[in-house]
file input_39.cif (mmCIF, C-alpha atoms)
data_input
#
loop_
_atom_site.label_atom_id
_atom_site.label_comp_id
_atom_site.auth_asym_id
_atom_site.auth_seq_id
_atom_site.Cartn_x
_atom_site.Cartn_y
_atom_site.Cartn_z
CA MET A 6 79.44 85.41 -16.34
CA PRO A 7 76.91 86.74 -13.78
CA PRO A 8 73.47 87.71 -15.01
CA SER A 9 72.77 91.35 -15.71
CA ALA A 10 70.90 93.43 -13.15
CA GLY A 11 67.20 92.83 -13.12
CA SER A 12 67.50 89.53 -15.00
CA PRO A 13 66.39 86.31 -13.34
CA PRO A 14 69.28 84.01 -12.45
CA THR A 15 70.00 81.04 -14.63
CA LEU A 16 68.69 77.98 -12.79
CA HIS A 17 67.93 74.44 -13.75
CA PRO A 18 64.11 74.42 -13.71
CA ALA A 19 63.95 70.92 -12.28
CA THR A 20 65.42 71.91 -8.93
CA THR A 21 65.27 74.61 -6.30
CA THR A 22 67.45 75.32 -3.32
CA THR A 23 65.48 72.68 -1.44
CA GLY A 24 65.72 69.93 -4.03
CA ALA A 25 63.66 68.50 -6.88
CA ARG A 26 60.10 69.69 -7.38
CA PRO A 27 57.50 66.91 -7.46
CA ASP A 28 55.16 69.00 -9.61
CA ALA A 29 57.55 69.20 -12.56
CA PRO A 30 57.80 65.61 -13.83
CA HIS A 31 58.62 66.66 -17.36
CA HIS A 32 62.02 67.90 -16.18
CA ALA A 33 63.03 64.76 -14.32
CA HIS A 34 65.20 61.84 -15.36
CA VAL A 35 67.36 63.97 -17.64
CA PRO A 36 70.10 61.97 -19.40
CA HIS A 37 72.84 63.94 -17.66
CA GLY A 38 75.75 62.82 -19.83
CA ARG A 39 74.21 64.05 -23.05
CA ALA A 40 72.79 67.12 -21.33
CA ARG A 41 76.24 68.08 -19.99
CA PHE A 42 77.75 67.68 -23.45
CA LEU A 43 75.05 69.84 -25.04
CA ALA A 44 75.50 72.40 -22.26
CA THR A 45 78.92 73.20 -23.71
CA ARG A 46 79.22 75.61 -26.61
CA ARG A 47 80.87 72.92 -28.73
CA GLY A 48 78.13 70.39 -28.01
CA LEU A 49 75.34 72.84 -28.77
CA LEU A 50 77.02 73.98 -31.98
CA LEU A 51 77.48 70.38 -33.11
CA ALA A 52 73.83 69.60 -32.35
CA CYS A 53 72.67 72.68 -34.25
CA ALA A 54 74.92 71.81 -37.18
CA GLY A 55 73.61 68.26 -37.23
CA LEU A 56 69.98 69.34 -37.13
CA GLY A 57 70.67 72.00 -39.75
CA ALA A 58 72.23 69.45 -42.09
CA LEU A 59 69.35 67.03 -41.47
CA LEU A 60 66.82 69.78 -42.18
CA ALA A 61 68.57 70.76 -45.43
CA LEU A 62 68.69 67.12 -46.55
CA SER A 63 65.04 66.63 -45.58
CA VAL A 64 64.00 69.70 -47.56
CA VAL A 65 65.81 68.55 -50.72
CA VAL A 66 64.43 65.00 -50.45
CA ALA A 67 60.88 66.21 -49.72
CA ILE A 68 60.94 68.60 -52.66
CA GLY A 69 62.06 65.83 -55.01
CA LEU A 70 59.51 63.22 -53.95
CA GLY A 71 55.88 63.16 -55.00
CA ALA A 72 53.74 62.10 -57.95
CA ALA A 73 56.66 63.08 -60.19
CA VAL A 74 59.89 61.83 -58.61
CA ILE A 75 62.89 64.10 -59.16
CA SER A 76 66.35 62.99 -58.10
CA PRO A 77 68.10 64.88 -55.28
CA ALA A 78 70.83 65.98 -57.69
CA ASP A 79 68.34 67.46 -60.14
CA THR A 80 66.35 68.99 -57.29
CA ALA A 81 69.44 70.71 -55.93
CA ARG A 82 70.37 71.90 -59.43
CA TYR A 83 66.92 73.39 -60.03
CA LEU A 84 66.97 75.10 -56.65
CA TRP A 85 70.40 76.53 -57.38
CA ALA A 86 69.24 77.77 -60.78
CA ALA A 87 66.19 79.44 -59.21
CA VAL A 88 68.22 81.14 -56.47
CA THR A 89 71.08 82.32 -58.69
CA GLY A 90 69.01 83.12 -61.76
CA GLY A 91 70.56 80.35 -63.83
CA GLY A 92 68.86 78.62 -66.71
CA VAL A 93 67.55 75.10 -67.35
CA ARG A 94 67.05 73.16 -70.53
CA ALA A 95 63.74 73.42 -72.37
CA ASP A 96 62.88 69.79 -71.66
CA GLU A 97 63.33 70.44 -67.92
CA ILE A 98 60.89 73.34 -67.61
CA THR A 99 58.06 71.19 -66.24
CA ALA A 100 60.23 69.55 -63.60
CA TYR A 101 61.70 72.94 -62.71
CA GLN A 102 58.22 74.44 -62.22
CA ILE A 103 57.17 71.51 -60.03
CA VAL A 104 60.24 71.97 -57.85
CA TRP A 105 60.26 75.74 -57.55
CA GLN A 106 56.66 76.87 -57.86
CA ILE A 107 54.76 73.99 -56.20
CA ARG A 108 56.88 71.96 -53.82
CA THR A 109 59.50 74.39 -52.50
CA PRO A 110 57.07 76.87 -50.88
CA ARG A 111 55.11 73.99 -49.40
CA VAL A 112 58.15 72.29 -47.87
CA LEU A 113 59.54 75.57 -46.54
CA LEU A 114 56.15 76.40 -45.05
CA ALA A 115 56.07 72.99 -43.34
CA ALA A 116 59.47 73.70 -41.81
CA LEU A 117 58.38 77.12 -40.55
CA VAL A 118 55.13 75.83 -39.07
CA GLY A 119 56.91 72.92 -37.39
CA ALA A 120 59.47 75.27 -35.86
CA GLY A 121 56.80 77.69 -34.66
CA LEU A 122 54.57 75.05 -33.09
CA SER A 123 57.49 73.34 -31.34
CA ALA A 124 58.73 76.59 -29.84
CA SER A 125 55.20 77.50 -28.76
CA GLY A 126 54.88 74.13 -27.05
CA VAL A 127 58.11 74.68 -25.14
CA ALA A 128 56.90 78.07 -23.92
CA VAL A 129 53.40 76.92 -22.96
CA GLN A 130 54.69 73.96 -20.94
CA ALA A 131 56.94 76.27 -18.93
CA LEU A 132 54.33 79.00 -18.51
CA VAL A 133 51.72 76.67 -17.04
CA ARG A 134 54.15 74.19 -15.43
CA ASN A 135 52.41 71.27 -17.05
CA PRO A 136 54.03 68.76 -19.45
CA LEU A 137 50.64 67.96 -20.99
CA ALA A 138 50.17 71.50 -22.27
CA ASP A 139 50.63 72.75 -25.80
CA PRO A 140 48.76 75.24 -28.00
CA PHE A 141 46.44 72.51 -29.31
CA VAL A 142 45.56 71.04 -25.90
CA LEU A 143 44.99 74.50 -24.39
CA GLY A 144 42.52 75.45 -27.10
CA VAL A 145 44.75 78.10 -28.67
CA SER A 146 44.90 76.26 -32.01
CA SER A 147 41.14 75.68 -31.98
CA GLY A 148 40.55 79.36 -31.23
CA ALA A 149 42.83 80.30 -34.11
CA SER A 150 40.88 77.94 -36.36
CA VAL A 151 37.60 79.63 -35.40
CA GLY A 152 39.06 83.03 -36.20
CA ALA A 153 40.44 81.91 -39.55
CA VAL A 154 37.23 80.13 -40.57
CA THR A 155 35.09 83.08 -39.52
CA VAL A 156 37.12 85.50 -41.62
CA THR A 157 37.09 83.15 -44.62
CA VAL A 158 33.34 82.46 -44.52
CA THR A 159 32.14 85.97 -43.63
CA GLY A 160 34.69 87.97 -45.57
CA GLY A 161 35.61 89.94 -42.46
CA LEU A 162 38.80 92.00 -42.18
CA ALA A 163 38.77 92.33 -45.97
CA ALA A 164 40.72 95.57 -45.68
CA LEU A 165 43.78 93.55 -44.67
CA GLY A 166 43.83 91.72 -48.01
CA ILE A 167 45.96 88.58 -48.04
CA TYR A 168 46.67 89.01 -44.31
CA ALA A 169 43.00 88.88 -43.30
CA VAL A 170 42.98 85.16 -42.50
CA SER A 171 46.22 85.43 -40.49
CA ALA A 172 44.80 88.37 -38.55
CA GLY A 173 41.60 86.46 -37.84
CA ALA A 174 43.57 83.43 -36.69
CA PHE A 175 45.72 85.58 -34.40
CA LEU A 176 42.69 87.26 -32.86
CA GLY A 177 41.06 83.87 -32.33
CA ALA A 178 44.23 82.45 -30.75
CA LEU A 179 44.67 85.50 -28.53
CA GLY A 180 41.03 85.41 -27.42
CA ALA A 181 41.30 81.70 -26.64
CA SER A 182 44.51 82.27 -24.64
CA LEU A 183 42.96 85.04 -22.57
CA LEU A 184 39.78 83.03 -22.00
CA VAL A 185 41.65 79.91 -20.89
CA TYR A 186 43.95 81.94 -18.66
CA ALA A 187 41.09 83.87 -17.03
CA ALA A 188 39.08 80.70 -16.40
CA SER A 189 42.07 78.93 -14.85
CA VAL A 190 43.09 81.60 -12.36
CA SER A 191 41.53 81.33 -8.91
CA ARG A 192 42.31 83.96 -6.26
CA GLY A 193 45.26 85.12 -8.28
CA VAL A 194 46.79 81.64 -8.49
CA LEU A 195 47.14 79.72 -11.76
CA ALA A 196 46.26 76.04 -11.32
CA PRO A 197 48.10 74.04 -14.06
CA LEU A 198 45.65 71.10 -13.97
CA ARG A 199 42.66 73.43 -14.14
CA LEU A 200 44.25 75.20 -17.10
CA VAL A 201 44.66 71.96 -19.06
CA LEU A 202 41.10 70.84 -18.30
CA THR A 203 39.75 74.28 -19.21
CA GLY A 204 41.71 74.23 -22.46
CA VAL A 205 40.37 70.80 -23.41
CA ALA A 206 36.81 71.87 -22.64
CA LEU A 207 37.16 75.08 -24.64
CA SER A 208 38.62 73.14 -27.55
CA PHE A 209 35.37 71.21 -27.80
CA GLY A 210 33.50 74.49 -27.52
CA PHE A 211 35.46 76.03 -30.38
CA GLN A 212 34.83 72.95 -32.51
CA ALA A 213 31.12 73.40 -31.82
CA VAL A 214 31.39 77.02 -32.96
CA MET A 215 32.94 75.87 -36.24
CA SER A 216 30.07 73.40 -36.67
CA VAL A 217 27.61 76.25 -36.21
CA ILE A 218 29.44 78.23 -38.89
CA VAL A 219 29.04 75.31 -41.28
CA TYR A 220 25.38 74.96 -40.34
CA PHE A 221 24.54 78.56 -41.18
CA ALA A 222 26.75 78.65 -44.26
CA PRO A 223 26.25 75.11 -45.61
CA ASP A 224 28.06 75.49 -48.90
CA THR A 225 30.94 73.44 -50.21
CA GLU A 226 33.53 76.16 -49.67
CA ALA A 227 32.62 76.62 -46.01
CA THR A 228 32.65 72.88 -45.35
CA SER A 229 36.04 72.36 -46.98
CA THR A 230 37.43 75.37 -45.14
CA VAL A 231 36.35 74.02 -41.76
CA LEU A 232 37.73 70.57 -42.57
CA HIS A 233 41.04 72.14 -43.60
CA TRP A 234 41.47 74.02 -40.33
CA THR A 235 40.22 71.10 -38.28
CA LEU A 236 42.53 68.44 -39.78
CA GLY A 237 45.43 70.51 -41.08
CA GLY A 238 47.07 70.62 -44.50
CA LEU A 239 49.56 72.58 -46.60
CA GLY A 240 48.03 71.99 -50.02
CA ALA A 241 47.32 75.70 -50.47
CA ALA A 242 50.91 76.80 -49.82
CA THR A 243 52.25 79.59 -52.03
CA TRP A 244 55.29 81.81 -52.06
CA GLY A 245 53.10 84.70 -50.93
CA MET A 246 52.46 83.02 -47.58
CA LEU A 247 56.12 82.61 -46.66
CA PRO A 248 57.25 86.17 -45.79
CA LEU A 249 54.65 86.77 -43.06
CA VAL A 250 55.03 83.29 -41.53
CA ALA A 251 58.84 83.49 -41.65
CA ALA A 252 58.85 86.95 -40.04
CA VAL A 253 56.42 85.99 -37.25
CA VAL A 254 58.17 82.71 -36.44
CA ALA A 255 61.60 84.39 -36.46
CA VAL A 256 60.47 87.21 -34.17
CA GLY A 257 58.65 84.73 -31.92
CA LEU A 258 61.74 82.53 -31.58
CA LEU A 259 63.90 85.57 -30.83
CA VAL A 260 61.53 86.84 -28.13
CA LEU A 261 61.18 83.41 -26.53
CA HIS A 262 64.93 82.88 -26.55
CA ARG A 263 65.48 86.26 -24.89
CA HIS A 264 63.05 85.13 -22.18
CA ALA A 265 64.71 81.72 -21.76
CA ARG A 266 65.94 82.42 -18.23
CA ALA A 267 62.54 83.78 -17.26
CA LEU A 268 60.99 80.52 -18.51
CA ASP A 269 63.46 78.57 -16.38
CA VAL A 270 62.31 80.48 -13.32
CA LEU A 271 58.60 80.30 -14.20
CA ALA A 272 58.89 76.52 -14.44
CA LEU A 273 59.75 76.50 -10.72
CA GLY A 274 56.37 77.95 -9.77
CA ASP A 275 55.03 81.44 -9.09
CA GLU A 276 56.22 81.57 -5.48
CA SER A 277 59.77 80.64 -6.39
CA ALA A 278 59.74 83.01 -9.37
CA THR A 279 58.57 85.90 -7.19
CA SER A 280 61.20 85.19 -4.56
CA LEU A 281 63.83 85.32 -7.32
CA GLY A 282 62.67 88.75 -8.46
CA THR A 283 60.55 87.72 -11.46
CA ASP A 284 57.00 88.96 -11.97
CA PRO A 285 55.30 85.73 -13.19
CA ASP A 286 52.05 87.36 -14.30
CA ARG A 287 53.81 89.99 -16.39
CA HIS A 288 56.02 87.45 -18.15
CA ARG A 289 53.14 85.02 -18.58
CA ARG A 290 50.87 87.62 -20.20
CA ALA A 291 53.58 88.85 -22.56
CA LEU A 292 54.66 85.38 -23.61
CA LEU A 293 51.09 84.17 -24.09
CA VAL A 294 50.67 86.97 -26.65
CA VAL A 295 53.79 85.75 -28.45
CA VAL A 296 52.53 82.15 -28.39
CA ALA A 297 49.12 83.30 -29.67
CA LEU A 298 50.75 85.22 -32.52
CA VAL A 299 52.99 82.35 -33.64
CA THR A 300 50.21 79.78 -33.26
CA GLY A 301 47.64 81.97 -35.00
CA VAL A 302 49.80 82.60 -38.04
CA SER A 303 50.79 78.92 -38.22
CA VAL A 304 47.16 77.78 -38.03
CA ALA A 305 46.16 80.32 -40.65
CA VAL A 306 48.34 78.59 -43.25
CA SER A 307 48.30 74.98 -42.06
CA GLY A 308 45.22 74.40 -39.92
CA ALA A 309 45.22 73.00 -36.40
CA ILE A 310 47.96 70.36 -36.13
CA ALA A 311 48.13 68.42 -32.88
CA PHE A 312 51.08 66.92 -30.98
CA VAL A 313 53.90 68.87 -32.66
CA GLY A 314 54.14 71.26 -29.72
CA LEU A 315 53.48 68.49 -27.23
CA VAL A 316 55.84 65.65 -28.16
CA LEU A 317 58.84 67.43 -29.73
CA PRO A 318 59.75 69.45 -26.61
CA HIS A 319 59.71 66.21 -24.58
CA LEU A 320 62.02 64.45 -27.01
CA VAL A 321 64.44 67.38 -27.04
CA ARG A 322 64.49 67.60 -23.23
CA MET A 323 65.35 63.89 -23.04
CA VAL A 324 68.56 64.67 -24.92
CA ALA A 325 69.39 68.27 -24.05
CA GLY A 326 68.03 68.68 -20.54
CA ALA A 327 65.47 71.23 -19.39
CA VAL A 328 67.38 74.52 -19.66
CA HIS A 329 65.31 76.63 -22.04
CA ALA A 330 68.27 78.38 -23.63
CA ARG A 331 69.16 75.00 -25.17
CA VAL A 332 65.66 73.64 -25.69
CA LEU A 333 64.52 76.76 -27.57
CA VAL A 334 67.42 76.31 -30.00
CA LEU A 335 67.00 72.60 -30.68
CA ALA A 336 63.21 72.10 -30.45
CA PRO A 337 62.30 74.42 -33.37
CA ALA A 338 64.84 72.69 -35.64
CA ALA A 339 63.54 69.27 -34.60
CA GLY A 340 59.95 70.42 -35.18
CA ALA A 341 60.87 71.70 -38.63
CA VAL A 342 62.43 68.36 -39.63
CA PHE A 343 59.47 66.45 -38.20
CA LEU A 344 56.77 68.40 -40.04
CA VAL A 345 58.67 68.31 -43.35
CA TRP A 346 58.57 64.49 -43.21
CA VAL A 347 54.96 64.47 -42.01
CA ASP A 348 53.94 66.63 -44.97
CA LEU A 349 55.87 64.34 -47.33
CA ALA A 350 53.98 61.35 -45.91
CA ALA A 351 50.70 63.24 -46.32
CA ARG A 352 51.45 63.82 -49.99
CA THR A 353 52.70 60.35 -50.88
CA LEU A 354 51.15 57.63 -48.69
CA ALA A 355 47.69 57.82 -50.29
CA ALA A 356 48.62 59.49 -53.60
CA PRO A 357 47.01 60.98 -55.59
CA ARG A 358 44.91 61.95 -52.56
CA GLU A 359 46.41 63.80 -49.60
CA LEU A 360 46.11 62.75 -45.99
CA PRO A 361 45.43 65.49 -43.41
CA LEU A 362 48.52 66.48 -41.46
CA GLY A 363 46.65 66.25 -38.17
CA VAL A 364 45.88 62.58 -38.79
CA ILE A 365 49.55 61.69 -39.31
CA THR A 366 50.81 63.76 -36.36
CA ALA A 367 48.21 62.07 -34.15
CA LEU A 368 49.19 58.59 -35.37
CA VAL A 369 52.82 59.40 -34.55
CA GLY A 370 52.26 61.57 -31.51
CA VAL A 371 49.83 59.43 -29.52
CA PRO A 372 52.08 56.34 -29.24
CA VAL A 373 55.16 58.46 -28.56
CA PHE A 374 53.36 60.43 -25.89
CA ILE A 375 52.04 57.26 -24.21
CA VAL A 376 55.55 55.79 -24.15
CA LEU A 377 56.95 59.00 -22.66
CA MET A 378 54.20 59.12 -20.07
CA ARG A 379 54.74 55.50 -19.03
CA ARG A 380 58.52 55.90 -18.86
CA ARG A 381 58.22 58.90 -16.57
CA GLY A 382 55.40 57.59 -14.46
CA TYR A 383 52.83 60.38 -14.78
CA GLY A 384 49.89 59.79 -12.54
CA THR A 385 51.53 56.88 -10.69
CA GLY A 386 53.67 58.82 -8.25
CA GLY A 387 56.76 58.43 -10.44
CA ARG A 388 58.79 61.34 -11.60
#
call {"tool": "encode", "arguments": {"input": "input_39.cif", "output": "structure tokens"}}
result
Amino acid sequence: MPPSAGSPPTLHPATTTTGARPDAPHHAHVPHGRARFLATRRGLLLACAGLGALLALSVVVAIGLGAAVISPADTARYLWAAVTGGGVRADEITAYQIVWQIRTPRVLLAALVGAGLSASGVAVQALVRNPLADPFVLGVSSGASVGAVTVTVTGGLAALGIYAVSAGAFLGALGASLLVYAASVSRGVLAPLRLVLTGVALSFGFQAVMSVIVYFAPDTEATSTVLHWTLGGLGAATWGMLPLVAAVVAVGLLVLHRHARALDVLALGDESATSLGTDPDRHRRALLVVVALVTGVSVAVSGAIAFVGLVLPHLVRMVAGAVHARVLVLAPAAGAVFLVWVDLAARTLAAPRELPLGVITALVGVPVFIVLMRRRGYGTGGR
């Protein structure tokens, strides 16, 4: 079916009419057999069904494991009772409360945050045409952390009530996005390498700002707050956090998916996008706001978690190819599964203490990223 009027044509972002682009290494060496299978409706549906089943199984297992181990059968029964309004025996009340009131909101929040960060990573990598980009590397997560910590320590935006921290995180993420973007544009041209370097530099700057906040408010609450948003964690998860995060992530995924063809074109470069009738600056500004919103809300409830938005899109592209209509369906589900298991590891590996999520994602993400980089030859002339 031909694209509607005014819509950018559907193109594989790894190639143009003149052949493969050397500045897009993250789209090269696609496993074409698997990608062709997933390009069919049947293949994509099967992949979605498989990831959905894996996510459901992961959620049930993660809810049941912890200091008090609850079998998957009992976990599923308690969840069913909570959803349908059924009852449980008196001797099961404690286990039921652990499942429904403590672990379920935490696991669901991990899934939402993982989905949001993965989708944001997909969008950022296309917007800046750089496979090393994600909200954490570009300083967006650090900016969101500064906003959240500032609101928590100063009591700002108190009129917003329970949404004050999320609003502060969004404003911080949006400010960081605009600052990085403005500093990376030279003579109207966005330099992808300059953007990454600017983002890394600003990340250190935002961390320094958080240190200053601790210095001028050196109490235990401020210190623990900064550590939480620096290292990441879901220990404070409650049911009250879920509606806002779920709504923002759902809207963000919908908007990004509707712009999937625009992301395909933007990944070709601004000149190619313009020649194909796409305004790159307009799409980039609009989508950076969406990324800032999803990242800000995610950071507000989980802290700054590295490598989720960097590694998961790469892994999905290795299987599904680089067409964003497919990647934006599979990457969020893969990110949700990944962070559910990361949070489970954080709760159980050093029990009764909890490990920061950022530590585990770094331990997993760094080796995976190095392997991906070596396989694809970044910086060595390979593609």
call {"tool": "resolve_selection", "arguments": {"input": "input_39.cif", "expression": "the PyMOL selection byres ((chain A and resi 304-308) around 9)", "output": "ChimeraX atom specification"}}
result
/A:114-115,118,146-147,149-150,152-154,170-175,232-242,246,250,299-303,309-310,362-363
call {"tool": "write_last_selection", "arguments": {"input": "input_39.cif", "atoms": "C-alpha atoms", "output": "mmCIF file, in the frame of the given file"}}
result
data_model
loop_
_atom_site.group_PDB
_atom_site.id
_atom_site.type_symbol
_atom_site.label_atom_id
_atom_site.label_comp_id
_atom_site.auth_asym_id
_atom_site.auth_seq_id
_atom_site.Cartn_x
_atom_site.Cartn_y
_atom_site.Cartn_z
ATOM 1 C CA LEU A 114 56.150 76.400 -45.050
ATOM 2 C CA ALA A 115 56.070 72.990 -43.340
ATOM 3 C CA VAL A 118 55.130 75.830 -39.070
ATOM 4 C CA SER A 146 44.900 76.260 -32.010
ATOM 5 C CA SER A 147 41.140 75.680 -31.980
ATOM 6 C CA ALA A 149 42.830 80.300 -34.110
ATOM 7 C CA SER A 150 40.880 77.940 -36.360
ATOM 8 C CA GLY A 152 39.060 83.030 -36.200
ATOM 9 C CA ALA A 153 40.440 81.910 -39.550
ATOM 10 C CA VAL A 154 37.230 80.130 -40.570
ATOM 11 C CA VAL A 170 42.980 85.160 -42.500
ATOM 12 C CA SER A 171 46.220 85.430 -40.490
ATOM 13 C CA ALA A 172 44.800 88.370 -38.550
ATOM 14 C CA GLY A 173 41.600 86.460 -37.840
ATOM 15 C CA ALA A 174 43.570 83.430 -36.690
ATOM 16 C CA PHE A 175 45.720 85.580 -34.400
ATOM 17 C CA LEU A 232 37.730 70.570 -42.570
ATOM 18 C CA HIS A 233 41.040 72.140 -43.600
ATOM 19 C CA TRP A 234 41.470 74.020 -40.330
ATOM 20 C CA THR A 235 40.220 71.100 -38.280
ATOM 21 C CA LEU A 236 42.530 68.440 -39.780
ATOM 22 C CA GLY A 237 45.430 70.510 -41.080
ATOM 23 C CA GLY A 238 47.070 70.620 -44.500
ATOM 24 C CA LEU A 239 49.560 72.580 -46.600
ATOM 25 C CA GLY A 240 48.030 71.990 -50.020
ATOM 26 C CA ALA A 241 47.320 75.700 -50.470
ATOM 27 C CA ALA A 242 50.910 76.800 -49.820
ATOM 28 C CA MET A 246 52.460 83.020 -47.580
ATOM 29 C CA VAL A 250 55.030 83.290 -41.530
ATOM 30 C CA VAL A 299 52.990 82.350 -33.640
ATOM 31 C CA THR A 300 50.210 79.780 -33.260
ATOM 32 C CA GLY A 301 47.640 81.970 -35.000
ATOM 33 C CA VAL A 302 49.800 82.600 -38.040
ATOM 34 C CA SER A 303 50.790 78.920 -38.220
ATOM 35 C CA ALA A 309 45.220 73.000 -36.400
ATOM 36 C CA ILE A 310 47.960 70.360 -36.130
ATOM 37 C CA LEU A 362 48.520 66.480 -41.460
ATOM 38 C CA GLY A 363 46.650 66.250 -38.170
#
call {"tool": "resolve_selection", "arguments": {"input": "input_39.cif", "expression": "the PyMOL selection byres ((chain A and resi 348-352) around 7)", "output": "MDAnalysis selection string"}}
result
chainID A and resid 67 71 115 344:347 353:354 356 359:362
call {"tool": "resolve_selection", "arguments": {"input": "input_39.cif", "expression": "the PyMOL selection byres ((chain A and resi 275-278) around 10)", "output": "NGL selection string"}}
result
:A and (13 or 21-22 or 132-134 or 194-195 or 267-274 or 279-286)
call {"tool": "write_last_selection", "arguments": {"input": "input_39.cif", "atoms": "C-alpha atoms", "output": "short mmCIF file (atom, residue, chain, number, x, y, z; two decimals), in the coordinates of the input"}}
result
data_model
loop_
_atom_site.label_atom_id
_atom_site.label_comp_id
_atom_site.auth_asym_id
_atom_site.auth_seq_id
_atom_site.Cartn_x
_atom_site.Cartn_y
_atom_site.Cartn_z
CA PRO A 13 66.39 86.31 -13.34
CA THR A 21 65.27 74.61 -6.30
CA THR A 22 67.45 75.32 -3.32
CA LEU A 132 54.33 79.00 -18.51
CA VAL A 133 51.72 76.67 -17.04
CA ARG A 134 54.15 74.19 -15.43
CA VAL A 194 46.79 81.64 -8.49
CA LEU A 195 47.14 79.72 -11.76
CA ALA A 267 62.54 83.78 -17.26
CA LEU A 268 60.99 80.52 -18.51
CA ASP A 269 63.46 78.57 -16.38
CA VAL A 270 62.31 80.48 -13.32
CA LEU A 271 58.60 80.30 -14.20
CA ALA A 272 58.89 76.52 -14.44
CA LEU A 273 59.75 76.50 -10.72
CA GLY A 274 56.37 77.95 -9.77
CA THR A 279 58.57 85.90 -7.19
CA SER A 280 61.20 85.19 -4.56
CA LEU A 281 63.83 85.32 -7.32
CA GLY A 282 62.67 88.75 -8.46
CA THR A 283 60.55 87.72 -11.46
CA ASP A 284 57.00 88.96 -11.97
CA PRO A 285 55.30 85.73 -13.19
CA ASP A 286 52.05 87.36 -14.30
#
call {"tool": "atom_distance", "arguments": {"input": "input_39.cif", "atom1": "CA of Gly121 (chain A)", "atom2": "CA of Val74 (chain A)"}}
result
28.9 Å
call {"tool": "closest_residue", "arguments": {"input": "input_39.cif", "among": "A:Pro77, A:Gly91, A:Gly69, A:Gly245", "to": "Val104 (chain A)", "atoms": "only C-alpha atoms"}}
result
A:Gly69
call {"tool": "residues_around", "arguments": {"input": "input_39.cif", "residues": "Leu298 (chain A)", "least_positions_apart": "4", "cutoff": "8 Å", "atoms": "all atoms listed in the file", "output": "MDAnalysis selection string"}}
result
chainID A and resid 175 178:179 253 257 294 302
call {"tool": "write_last_selection", "arguments": {"input": "input_39.cif", "atoms": "C-alpha atoms", "output": "short mmCIF file (atom, residue, chain, number, x, y, z; two decimals), in the frame of the given file"}}
result
data_model
loop_
_atom_site.label_atom_id
_atom_site.label_comp_id
_atom_site.auth_asym_id
_atom_site.auth_seq_id
_atom_site.Cartn_x
_atom_site.Cartn_y
_atom_site.Cartn_z
CA PHE A 175 45.72 85.58 -34.40
CA ALA A 178 44.23 82.45 -30.75
CA LEU A 179 44.67 85.50 -28.53
CA VAL A 253 56.42 85.99 -37.25
CA GLY A 257 58.65 84.73 -31.92
CA VAL A 294 50.67 86.97 -26.65
CA VAL A 302 49.80 82.60 -38.04
#
call {"tool": "atom_distance", "arguments": {"input": "input_39.cif", "atom1": "CA of Ile68 (chain A)", "atom2": "CA of Thr80 (chain A)"}}
result
7.1 Å
call {"tool": "atom_distance", "arguments": {"input": "input_39.cif", "atom1": "CA of Val151 (chain A)", "atom2": "CA of Gln212 (chain A)"}}
result
7.8 Å
call {"tool": "residues_around", "arguments": {"input": "input_39.cif", "residues": "Ala341 (chain A)", "least_positions_apart": "2", "cutoff": "12 Å", "atoms": "only C-alpha atoms", "output": "PyMOL selection string"}}
result
chain A and resi 56-57+59-61+63-64+112-124+254+313-314+317+334-339+343-348
